[in-house]
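Have a look at run_33.pdb; it's PDB, C-alpha atoms:
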ATOM      1  CA  ASN A   1     -15.332 -54.431 -49.945  1.00  0.00           C
ATOM      2  CA  TYR A   2     -12.079 -55.888 -48.658  1.00  0.00           C
ATOM      3  CA  TRP A   3      -9.055 -53.558 -48.938  1.00  0.00           C
ATOM      4  CA  SER A   4      -5.596 -54.976 -48.264  1.00  0.00           C
ATOM      5  CA  GLY A   5      -4.351 -51.500 -47.328  1.00  0.00           C
ATOM      6  CA  TYR A   6      -6.996 -50.849 -44.674  1.00  0.00           C
ATOM      7  CA  SER A   7      -5.508 -50.567 -41.192  1.00  0.00           C
ATOM      8  CA  GLY A   8      -8.579 -49.643 -39.149  1.00  0.00           C
ATOM      9  CA  ALA A   9      -9.799 -51.591 -36.152  1.00  0.00           C
ATOM     10  CA  ASP A  10     -12.868 -53.783 -35.713  1.00  0.00           C
ATOM     11  CA  VAL A  11     -13.537 -53.468 -31.993  1.00  0.00           C
ATOM     12  CA  ASP A  12     -16.972 -55.115 -31.993  1.00  0.00           C
ATOM     13  CA  LYS A  13     -15.785 -58.015 -34.227  1.00  0.00           C
ATOM     14  CA  ASP A  14     -18.651 -57.652 -36.727  1.00  0.00           C
ATOM     15  CA  GLY A  15     -16.312 -57.971 -39.718  1.00  0.00           C
ATOM     16  CA  LEU A  16     -16.606 -54.246 -40.570  1.00  0.00           C
ATOM     17  CA  GLY A  17     -13.979 -51.570 -39.992  1.00  0.00           C
ATOM     18  CA  ASP A  18     -14.893 -48.952 -37.415  1.00  0.00           C
ATOM     19  CA  VAL A  19     -13.763 -46.035 -39.630  1.00  0.00           C
ATOM     20  CA  PRO A  20     -14.276 -45.501 -43.406  1.00  0.00           C
ATOM     21  CA  TYR A  21     -11.581 -46.331 -45.945  1.00  0.00           C
ATOM     22  CA  PHE A  22     -10.596 -43.823 -48.627  1.00  0.00           C
ATOM     23  CA  VAL A  23      -9.304 -45.680 -51.676  1.00  0.00           C
ATOM     24  CA  SER A  24      -7.077 -42.737 -52.625  1.00  0.00           C
ATOM     25  CA  THR A  25      -6.549 -39.107 -51.725  1.00  0.00           C
ATOM     26  CA  TYR A  26      -8.605 -38.177 -54.809  1.00  0.00           C
ATOM     27  CA  THR A  27     -11.663 -40.154 -53.695  1.00  0.00           C
ATOM     28  CA  THR A  28     -14.522 -38.187 -52.165  1.00  0.00           C
ATOM     29  CA  GLN A  29     -16.761 -41.198 -51.570  1.00  0.00           C
ATOM     30  CA  PRO A  30     -15.183 -43.545 -49.035  1.00  0.00           C
ATOM     31  CA  ASP A  31     -16.057 -47.163 -48.366  1.00  0.00           C
ATOM     32  CA  ASN A  32     -17.994 -46.690 -45.135  1.00  0.00           C
ATOM     33  CA  TYR A  33     -18.131 -50.407 -44.429  1.00  0.00           C
ATOM     34  CA  PRO A  34     -14.682 -51.856 -45.238  1.00  0.00           C
ATOM     35  CA  LEU A  35     -14.260 -55.541 -44.494  1.00  0.00           C
ATOM     36  CA  VAL A  36     -11.694 -56.473 -41.869  1.00  0.00           C
ATOM     37  CA  PHE A  37     -10.223 -59.970 -41.885  1.00  0.00           C
ATOM     38  CA  ASP A  38      -6.915 -61.528 -40.991  1.00  0.00           C
ATOM     39  CA  LEU A  39      -7.839 -65.153 -41.649  1.00  0.00           C
ATOM     40  CA  VAL A  40      -7.340 -65.594 -45.379  1.00  0.00           C
ATOM     41  CA  VAL A  41      -6.791 -69.126 -46.695  1.00  0.00           C
ATOM     42  CA  SER A  42      -3.910 -68.859 -49.169  1.00  0.00           C
ATOM     43  CA  GLN A  43      -2.990 -72.540 -49.526  1.00  0.00           C
ATOM     44  CA  ALA A  44      -5.033 -75.447 -50.918  1.00  0.00           C
ATOM     45  CA  THR A  45      -3.019 -77.942 -48.862  1.00  0.00           C
ATOM     46  CA  ASP A  46      -4.113 -79.512 -45.566  1.00  0.00           C
ATOM     47  CA  GLU A  47      -1.457 -78.791 -42.933  1.00  0.00           C
ATOM     48  CA  ALA A  48      -2.375 -77.856 -39.368  1.00  0.00           C
ATOM     49  CA  ASP A  49      -1.427 -74.532 -37.804  1.00  0.00           C
ATOM     50  CA  ALA A  50       2.222 -74.473 -36.747  1.00  0.00           C
ATOM     51  CA  ASP A  51       1.683 -72.536 -33.502  1.00  0.00           C
ATOM     52  CA  LEU A  52      -1.750 -72.093 -31.957  1.00  0.00           C
ATOM     53  CA  THR A  53      -0.394 -69.648 -29.381  1.00  0.00           C
ATOM     54  CA  ASP A  54       0.811 -66.883 -31.730  1.00  0.00           C
ATOM     55  CA  GLY A  55      -2.584 -65.679 -33.008  1.00  0.00           C
ATOM     56  CA  ARG A  56      -1.633 -66.266 -36.658  1.00  0.00           C
ATOM     57  CA  CYS A  57      -2.893 -68.671 -39.296  1.00  0.00           C
ATOM     58  CA  ASP A  58       0.431 -70.039 -40.515  1.00  0.00           C
ATOM     59  CA  VAL A  59       1.515 -73.609 -41.234  1.00  0.00           C
ATOM     60  CA  ASP A  60       5.142 -72.769 -42.098  1.00  0.00           C
ATOM     61  CA  LEU A  61       6.901 -70.402 -39.736  1.00  0.00           C
ATOM     62  CA  ALA A  62      10.131 -70.593 -41.732  1.00  0.00           C
ATOM     63  CA  THR A  63       8.519 -68.970 -44.785  1.00  0.00           C
ATOM     64  CA  SER A  64       7.847 -65.237 -44.898  1.00  0.00           C
ATOM     65  CA  GLY A  65       4.188 -64.267 -44.548  1.00  0.00           C
ATOM     66  CA  ASP A  66       1.261 -66.382 -43.394  1.00  0.00           C
ATOM     67  CA  GLN A  67       0.817 -69.715 -45.169  1.00  0.00           C
ATOM     68  CA  CYS A  68      -2.802 -70.314 -44.167  1.00  0.00           C
ATOM     69  CA  THR A  69      -4.746 -73.510 -44.900  1.00  0.00           C
ATOM     70  CA  LEU A  70      -8.435 -74.142 -44.247  1.00  0.00           C
ATOM     71  CA  ARG A  71      -7.575 -76.539 -41.428  1.00  0.00           C
ATOM     72  CA  ALA A  72      -5.319 -73.974 -39.773  1.00  0.00           C
ATOM     73  CA  ALA A  73      -7.919 -71.215 -40.206  1.00  0.00           C
ATOM     74  CA  ILE A  74     -10.590 -73.289 -38.454  1.00  0.00           C
ATOM     75  CA  GLN A  75      -8.138 -74.084 -35.663  1.00  0.00           C
ATOM     76  CA  GLU A  76      -7.438 -70.377 -35.268  1.00  0.00           C
ATOM     77  CA  THR A  77     -11.132 -69.393 -35.161  1.00  0.00           C
ATOM     78  CA  ASN A  78     -11.694 -71.948 -32.433  1.00  0.00           C
ATOM     79  CA  LYS A  79      -9.021 -70.247 -30.329  1.00  0.00           C
ATOM     80  CA  ARG A  80     -10.637 -66.821 -30.649  1.00  0.00           C
ATOM     81  CA  PRO A  81     -13.800 -65.723 -28.835  1.00  0.00           C
ATOM     82  CA  GLY A  82     -16.737 -64.360 -30.802  1.00  0.00           C
ATOM     83  CA  LYS A  83     -17.511 -64.059 -34.489  1.00  0.00           C
ATOM     84  CA  GLN A  84     -14.725 -64.733 -36.999  1.00  0.00           C
ATOM     85  CA  ALA A  85     -14.524 -64.696 -40.788  1.00  0.00           C
ATOM     86  CA  ILE A  86     -12.444 -66.912 -43.080  1.00  0.00           C
ATOM     87  CA  LEU A  87     -11.777 -65.680 -46.616  1.00  0.00           C
ATOM     88  CA  PHE A  88     -10.097 -67.530 -49.473  1.00  0.00           C
ATOM     89  CA  ASN A  89      -7.443 -66.088 -51.777  1.00  0.00           C
ATOM     90  CA  ILE A  90      -5.632 -69.125 -53.199  1.00  0.00           C
ATOM     91  CA  PRO A  91      -3.290 -68.461 -56.133  1.00  0.00           C
ATOM     92  CA  GLY A  92      -3.665 -70.222 -59.470  1.00  0.00           C
ATOM     93  CA  SER A  93      -6.160 -70.523 -62.291  1.00  0.00           C
ATOM     94  CA  GLY A  94      -9.456 -72.344 -62.114  1.00  0.00           C
ATOM     95  CA  THR A  95     -11.361 -73.327 -58.993  1.00  0.00           C
ATOM     96  CA  PRO A  96      -9.139 -74.258 -56.029  1.00  0.00           C
ATOM     97  CA  VAL A  97      -9.740 -77.740 -54.611  1.00  0.00           C
ATOM     98  CA  ILE A  98      -8.986 -78.413 -50.944  1.00  0.00           C
ATOM     99  CA  SER A  99      -8.766 -82.141 -50.191  1.00  0.00           C
ATOM    100  CA  PRO A 100      -8.578 -82.847 -46.438  1.00  0.00           C
ATOM    101  CA  SER A 101      -6.674 -86.011 -45.523  1.00  0.00           C
ATOM    102  CA  LYS A 102      -8.813 -86.439 -42.392  1.00  0.00           C
ATOM    103  CA  PRO A 103     -11.900 -84.716 -40.930  1.00  0.00           C
ATOM    104  CA  LEU A 104     -11.573 -80.970 -40.521  1.00  0.00           C
ATOM    105  CA  PRO A 105     -11.703 -79.588 -36.948  1.00  0.00           C
ATOM    106  CA  ASP A 106     -15.143 -79.125 -35.419  1.00  0.00           C
ATOM    107  CA  ILE A 107     -16.318 -75.506 -35.444  1.00  0.00           C
ATOM    108  CA  ILE A 108     -16.991 -74.180 -31.941  1.00  0.00           C
ATOM    109  CA  GLU A 109     -17.304 -70.424 -32.588  1.00  0.00           C
ATOM    110  CA  GLU A 110     -19.509 -68.354 -34.913  1.00  0.00           C
ATOM    111  CA  VAL A 111     -17.766 -68.165 -38.287  1.00  0.00           C
ATOM    112  CA  ILE A 112     -18.295 -66.910 -41.836  1.00  0.00           C
ATOM    113  CA  PHE A 113     -16.676 -68.763 -44.767  1.00  0.00           C
ATOM    114  CA  ASP A 114     -16.505 -66.495 -47.832  1.00  0.00           C
ATOM    115  CA  ALA A 115     -14.900 -67.550 -51.142  1.00  0.00           C
ATOM    116  CA  SER A 116     -15.888 -64.403 -53.063  1.00  0.00           C
ATOM    117  CA  LEU A 117     -12.277 -63.122 -53.195  1.00  0.00           C
ATOM    118  CA  GLN A 118     -11.381 -65.957 -55.556  1.00  0.00           C
ATOM    119  CA  PRO A 119     -11.448 -64.809 -59.214  1.00  0.00           C
ATOM    120  CA  ILE A 120     -14.078 -67.439 -59.994  1.00  0.00           C
ATOM    121  CA  GLY A 121     -15.881 -66.879 -56.682  1.00  0.00           C
ATOM    122  CA  LYS A 122     -15.742 -70.553 -55.709  1.00  0.00           C
ATOM    123  CA  VAL A 123     -13.676 -72.971 -53.637  1.00  0.00           C
ATOM    124  CA  ILE A 124     -14.201 -76.736 -53.587  1.00  0.00           C
ATOM    125  CA  ILE A 125     -13.770 -78.810 -50.434  1.00  0.00           C
ATOM    126  CA  ASP A 126     -13.494 -82.433 -51.570  1.00  0.00           C
ATOM    127  CA  GLY A 127     -13.783 -85.236 -49.021  1.00  0.00           C
ATOM    128  CA  THR A 128     -12.594 -88.140 -51.151  1.00  0.00           C
ATOM    129  CA  ASN A 129      -9.558 -88.658 -48.892  1.00  0.00           C
ATOM    130  CA  ALA A 130     -11.058 -87.530 -45.582  1.00  0.00           C
ATOM    131  CA  GLY A 131     -11.872 -91.011 -44.285  1.00  0.00           C
ATOM    132  CA  VAL A 132     -14.907 -93.050 -43.286  1.00  0.00           C
ATOM    133  CA  ASN A 133     -17.905 -91.265 -41.706  1.00  0.00           C
ATOM    134  CA  SER A 134     -16.314 -87.851 -42.204  1.00  0.00           C
ATOM    135  CA  ASN A 135     -18.395 -84.686 -42.571  1.00  0.00           C
ATOM    136  CA  GLY A 136     -17.395 -81.695 -44.645  1.00  0.00           C
ATOM    137  CA  LEU A 137     -17.952 -79.134 -41.882  1.00  0.00           C
ATOM    138  CA  THR A 138     -19.138 -80.048 -38.388  1.00  0.00           C
ATOM    139  CA  VAL A 139     -20.590 -77.187 -36.350  1.00  0.00           C
ATOM    140  CA  ILE A 140     -20.730 -77.816 -32.605  1.00  0.00           C
ATOM    141  CA  ASN A 141     -21.476 -74.286 -31.470  1.00  0.00           C
ATOM    142  CA  GLY A 142     -22.338 -70.915 -33.011  1.00  0.00           C
ATOM    143  CA  ASP A 143     -23.888 -69.748 -36.270  1.00  0.00           C
ATOM    144  CA  VAL A 144     -22.127 -70.586 -39.530  1.00  0.00           C
ATOM    145  CA  SER A 145     -22.437 -68.737 -42.860  1.00  0.00           C
ATOM    146  CA  LEU A 146     -21.049 -70.107 -46.121  1.00  0.00           C
ATOM    147  CA  LYS A 147     -20.618 -68.257 -49.407  1.00  0.00           C
ATOM    148  CA  GLY A 148     -19.206 -69.665 -52.636  1.00  0.00           C
ATOM    149  CA  LEU A 149     -18.255 -73.131 -51.393  1.00  0.00           C
ATOM    150  CA  THR A 150     -18.747 -76.531 -52.967  1.00  0.00           C
ATOM    151  CA  ILE A 151     -18.630 -79.372 -50.436  1.00  0.00           C
ATOM    152  CA  ARG A 152     -18.589 -82.788 -52.047  1.00  0.00           C
ATOM    153  CA  ASN A 153     -17.588 -86.437 -51.746  1.00  0.00           C
ATOM    154  CA  PHE A 154     -17.585 -86.740 -47.957  1.00  0.00           C
ATOM    155  CA  THR A 155     -18.808 -90.091 -46.654  1.00  0.00           C
ATOM    156  CA  GLY A 156     -20.960 -88.381 -44.003  1.00  0.00           C
ATOM    157  CA  ASN A 157     -22.853 -85.093 -44.276  1.00  0.00           C
ATOM    158  CA  GLY A 158     -21.706 -82.107 -46.281  1.00  0.00           C
ATOM    159  CA  ILE A 159     -22.580 -79.857 -43.324  1.00  0.00           C
ATOM    160  CA  ASN A 160     -23.344 -81.380 -39.939  1.00  0.00           C
ATOM    161  CA  ALA A 161     -24.649 -78.675 -37.566  1.00  0.00           C
ATOM    162  CA  VAL A 162     -25.474 -80.199 -34.187  1.00  0.00           C
ATOM    163  CA  GLY A 163     -25.404 -77.041 -32.060  1.00  0.00           C
ATOM    164  CA  SER A 164     -27.936 -74.308 -31.373  1.00  0.00           C
ATOM    165  CA  GLY A 165     -26.832 -71.963 -34.170  1.00  0.00           C
ATOM    166  CA  TYR A 166     -28.235 -71.450 -37.666  1.00  0.00           C
ATOM    167  CA  VAL A 167     -26.690 -72.364 -41.033  1.00  0.00           C
ATOM    168  CA  LEU A 168     -26.763 -69.727 -43.787  1.00  0.00           C
ATOM    169  CA  LEU A 169     -25.942 -70.756 -47.380  1.00  0.00           C
ATOM    170  CA  GLU A 170     -25.294 -68.469 -50.344  1.00  0.00           C
ATOM    171  CA  ASN A 171     -24.081 -69.794 -53.687  1.00  0.00           C
ATOM    172  CA  VAL A 172     -23.218 -73.125 -52.046  1.00  0.00           C
ATOM    173  CA  ASP A 173     -23.176 -76.569 -53.693  1.00  0.00           C
ATOM    174  CA  LEU A 174     -23.533 -79.683 -51.531  1.00  0.00           C
ATOM    175  CA  GLN A 175     -23.123 -82.688 -53.779  1.00  0.00           C
ATOM    176  CA  LYS A 176     -22.290 -86.399 -53.701  1.00  0.00           C
ATOM    177  CA  ASN A 177     -21.909 -86.648 -49.946  1.00  0.00           C
ATOM    178  CA  GLY A 178     -22.689 -90.038 -48.448  1.00  0.00           C
ATOM    179  CA  ALA A 179     -25.447 -88.928 -46.067  1.00  0.00           C
ATOM    180  CA  TYR A 180     -27.189 -85.521 -46.200  1.00  0.00           C
ATOM    181  CA  GLY A 181     -26.061 -82.388 -47.965  1.00  0.00           C
ATOM    182  CA  VAL A 182     -26.856 -80.418 -44.802  1.00  0.00           C
ATOM    183  CA  ILE A 183     -28.343 -81.568 -41.523  1.00  0.00           C
ATOM    184  CA  ALA A 184     -28.960 -79.086 -38.715  1.00  0.00           C
ATOM    185  CA  GLU A 185     -30.580 -78.929 -35.294  1.00  0.00           C
ATOM    186  CA  LYS A 186     -31.781 -75.370 -35.966  1.00  0.00           C
ATOM    187  CA  ASP A 187     -32.690 -73.232 -38.999  1.00  0.00           C
ATOM    188  CA  VAL A 188     -31.080 -73.388 -42.432  1.00  0.00           C
ATOM    189  CA  PHE A 189     -31.361 -70.152 -44.447  1.00  0.00           C
ATOM    190  CA  LEU A 190     -30.825 -69.928 -48.208  1.00  0.00           C
ATOM    191  CA  ASN A 191     -29.725 -66.810 -50.124  1.00  0.00           C
ATOM    192  CA  VAL A 192     -29.754 -64.452 -47.144  1.00  0.00           C
ATOM    193  CA  LYS A 193     -26.859 -61.997 -47.303  1.00  0.00           C
ATOM    194  CA  PRO A 194     -24.329 -62.075 -44.442  1.00  0.00           C
ATOM    195  CA  VAL A 195     -24.458 -58.926 -42.322  1.00  0.00           C
ATOM    196  CA  TYR A 196     -21.105 -57.609 -43.552  1.00  0.00           C
ATOM    197  CA  SER A 197     -22.009 -57.774 -47.246  1.00  0.00           C
ATOM    198  CA  LEU A 198     -23.953 -54.603 -47.964  1.00  0.00           C
ATOM    199  CA  GLN A 199     -23.742 -54.442 -51.744  1.00  0.00           C
ATOM    200  CA  ASN A 200     -26.665 -55.363 -53.976  1.00  0.00           C
ATOM    201  CA  THR A 201     -25.997 -58.603 -55.836  1.00  0.00           C
ATOM    202  CA  HIS A 202     -27.986 -61.086 -57.859  1.00  0.00           C
ATOM    203  CA  ARG A 203     -29.890 -63.849 -56.128  1.00  0.00           C
ATOM    204  CA  ALA A 204     -27.510 -66.674 -55.323  1.00  0.00           C
ATOM    205  CA  LEU A 205     -28.073 -70.264 -56.392  1.00  0.00           C
ATOM    206  CA  ASN A 206     -27.659 -73.100 -53.909  1.00  0.00           C
ATOM    207  CA  THR A 207     -27.520 -76.713 -55.043  1.00  0.00           C
ATOM    208  CA  ILE A 208     -28.168 -79.614 -52.674  1.00  0.00           C
ATOM    209  CA  ALA A 209     -28.273 -82.749 -54.790  1.00  0.00           C
ATOM    210  CA  ASN A 210     -26.994 -86.297 -55.315  1.00  0.00           C
ATOM    211  CA  ASN A 211     -26.212 -86.835 -51.640  1.00  0.00           C
ATOM    212  CA  GLY A 212     -26.876 -90.245 -50.121  1.00  0.00           C
ATOM    213  CA  ASN A 213     -30.014 -89.308 -48.176  1.00  0.00           C
ATOM    214  CA  ASN A 214     -31.371 -86.415 -50.281  1.00  0.00           C
TER     215      ASN A 214
END

Turn this file's structure into structure tokens for me.
Amino acid sequence: NYWSGYSGADVDKDGLGDVPYFVSTYTTQPDNYPLVFDLVVSQATDEADADLTDGRCDVDLATSGDQCTLRAAIQETNKRPGKQAILFNIPGSGTPVISPSKPLPDIIEEVIFDASLQPIGKVIIDGTNAGVNSNGLTVINGDVSLKGLTIRNFTGNGINAVGSGYVLLENVDLQKNGAYGVIAEKDVFLNVKPVYSLQNTHRALNTIANNGNN
């Protein structure tokens, strides 16, 4: 589980805290595998990161706290070595819709996208306004894992993985993209749990349909 009050370290960058988290002083059973993330998308807008040298995902330095968009989060992962994780916690009712105004940055490091923090467990990335020949997510290097995302209406591929890494999909919908829902140089895995998610859950449903070439 993810705990906002957890302050432990994650030295090996596997997404898991190195020490257990006790929910309260009255709890005898700790969470031995607390999730550790600092890249949490909190805005459904499309601004770029305001300062790529400060180590934060923040598009508005004048506002208190981190105003993190998907575009800024991808930019930040690309600046960091090794595995990263991007979570989504966007306020509001219903399913958040992120509508990029141009292609999102290419992904050049191993990254996990996880929308399970959203109350409905889903986030939509809609490419209607992203431009001609745009892909939803383009992976140049590293493995990529997606959970709870809908990627739709891009004129290119929903996921375009041209590097040597794998693509892992769990509860992902790839619909109405102009080319393929997902195209990858290496393996595509369906319904395989990411390494940091250790709880038993139901089998996820992936949908790849109504794309131009499949």

| message | My list of candidates is A:Val139, A:Ile112, A:Leu70, A:Ile107. Which is closest to Ile125 of chain A when distances are computed with all atoms listed in the file? | response | A:Leu70

| Using the chain letters and numbers from the file, which residues does the PyMOL selection byres ((chain A and resi 52) around 12) grab, as a ChimeraX atom specification? | /A:48-51,53-59,61,71-80

| task | Decode the PyMOL selection byres ((chain A and resi 128-137) around 6) for the given file into explicit residues and return them as a list in words. | result |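 Evaluating the PyMOL selection byres ((chain A and resi 128-137) around 6) on this file yields Pro100, Ser101, Lys102, Pro103, Asp126, Gly127, Thr138, Asn153, Phe154, Thr155, Gly156, Asn157, Gly158 and Ile159 of chain A.
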
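Taking atom CA of Val111 of chain A and atom CA of Ala85 of chain A as the two end points, the separation is 5.4 Å.
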
Evaluate the PyMOL selection byres ((chain A and resi 173) around 12) and record the selected residues as an mmCIF file with C-alpha atoms, keeping the file's coordinate frame, following the chain and residue labels used in the document.
data_model
loop_
_atom_site.group_PDB
_atom_site.id
_atom_site.type_symbol
_atom_site.label_atom_id
_atom_site.label_comp_id
_atom_site.auth_asym_id
_atom_site.auth_seq_id
_atom_site.Cartn_x
_atom_site.Cartn_y
_atom_site.Cartn_z
ATOM 1 C CA LYS A 122 -15.742 -70.553 -55.709
ATOM 2 C CA VAL A 123 -13.676 -72.971 -53.637
ATOM 3 C CA ILE A 124 -14.201 -76.736 -53.587
ATOM 4 C CA ILE A 125 -13.770 -78.810 -50.434
ATOM 5 C CA ASP A 126 -13.494 -82.433 -51.570
ATOM 6 C CA GLY A 136 -17.395 -81.695 -44.645
ATOM 7 C CA LEU A 146 -21.049 -70.107 -46.121
ATOM 8 C CA LYS A 147 -20.618 -68.257 -49.407
ATOM 9 C CA GLY A 148 -19.206 -69.665 -52.636
ATOM 10 C CA LEU A 149 -18.255 -73.131 -51.393
ATOM 11 C CA THR A 150 -18.747 -76.531 -52.967
ATOM 12 C CA ILE A 151 -18.630 -79.372 -50.436
ATOM 13 C CA ARG A 152 -18.589 -82.788 -52.047
ATOM 14 C CA ASN A 153 -17.588 -86.437 -51.746
ATOM 15 C CA GLY A 158 -21.706 -82.107 -46.281
ATOM 16 C CA ILE A 159 -22.580 -79.857 -43.324
ATOM 17 C CA LEU A 169 -25.942 -70.756 -47.380
ATOM 18 C CA GLU A 170 -25.294 -68.469 -50.344
ATOM 19 C CA ASN A 171 -24.081 -69.794 -53.687
ATOM 20 C CA VAL A 172 -23.218 -73.125 -52.046
ATOM 21 C CA LEU A 174 -23.533 -79.683 -51.531
ATOM 22 C CA GLN A 175 -23.123 -82.688 -53.779
ATOM 23 C CA LYS A 176 -22.290 -86.399 -53.701
ATOM 24 C CA ASN A 177 -21.909 -86.648 -49.946
ATOM 25 C CA GLY A 181 -26.061 -82.388 -47.965
ATOM 26 C CA VAL A 182 -26.856 -80.418 -44.802
ATOM 27 C CA LEU A 190 -30.825 -69.928 -48.208
ATOM 28 C CA ALA A 204 -27.510 -66.674 -55.323
ATOM 29 C CA LEU A 205 -28.073 -70.264 -56.392
ATOM 30 C CA ASN A 206 -27.659 -73.100 -53.909
ATOM 31 C CA THR A 207 -27.520 -76.713 -55.043
ATOM 32 C CA ILE A 208 -28.168 -79.614 -52.674
ATOM 33 C CA ALA A 209 -28.273 -82.749 -54.790
ATOM 34 C CA ASN A 210 -26.994 -86.297 -55.315
ATOM 35 C CA ASN A 211 -26.212 -86.835 -51.640
#

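Minimum atom-to-atom distance to Asp143 of chain A, evaluated using all atoms listed in the file, belongs to A:Val188 out of A:Leu117, A:Val188, A:Ala179, A:Leu16.
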
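When only C-alpha atoms are used to measure the gap to Thr95 of chain A, the shortest distance among A:Gly8, A:Glu110, A:Ala115, A:Gly82 belongs to A:Ala115.
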
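Computed from the coordinates, the atom CA of Ile140 of chain A to atom CA of Leu104 of chain A distance equals 12.5 Å.
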
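Distance-wise, atom CA of Pro81 of chain A and atom CA of Pro105 of chain A end up 16.2 Å apart.
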
Once you add 4 Å to each side, what are the centre and edge lengths of the axis-aligned box holding all listed atoms of segment 75-80 of chain A? One decimal in Å, as AutoDock Vina command-line options, if you can.
--center_x -9.6 --center_y -70.5 --center_z -33.0 --size_x 12.3 --size_y 15.3 --size_z 13.3

| query | Using only C-alpha atoms, which of the listed residues (A:Gly165, A:Pro30, A:Pro96, A:Pro91) sits closest to Tyr6 of chain A? | reply |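 Checking each of A:Gly165, A:Pro30, A:Pro96, A:Pro91 against Tyr6 of chain A, counting only C-alpha atoms, the winner is A:Pro30.
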
| request: Between A:Gly65, A:Pro20, A:Gly121, A:Gly94, single out the one closest to Ser42 of chain A, counting all atoms listed in the file. | output: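 Smallest distance to Ser42 of chain A is found for A:Gly65.
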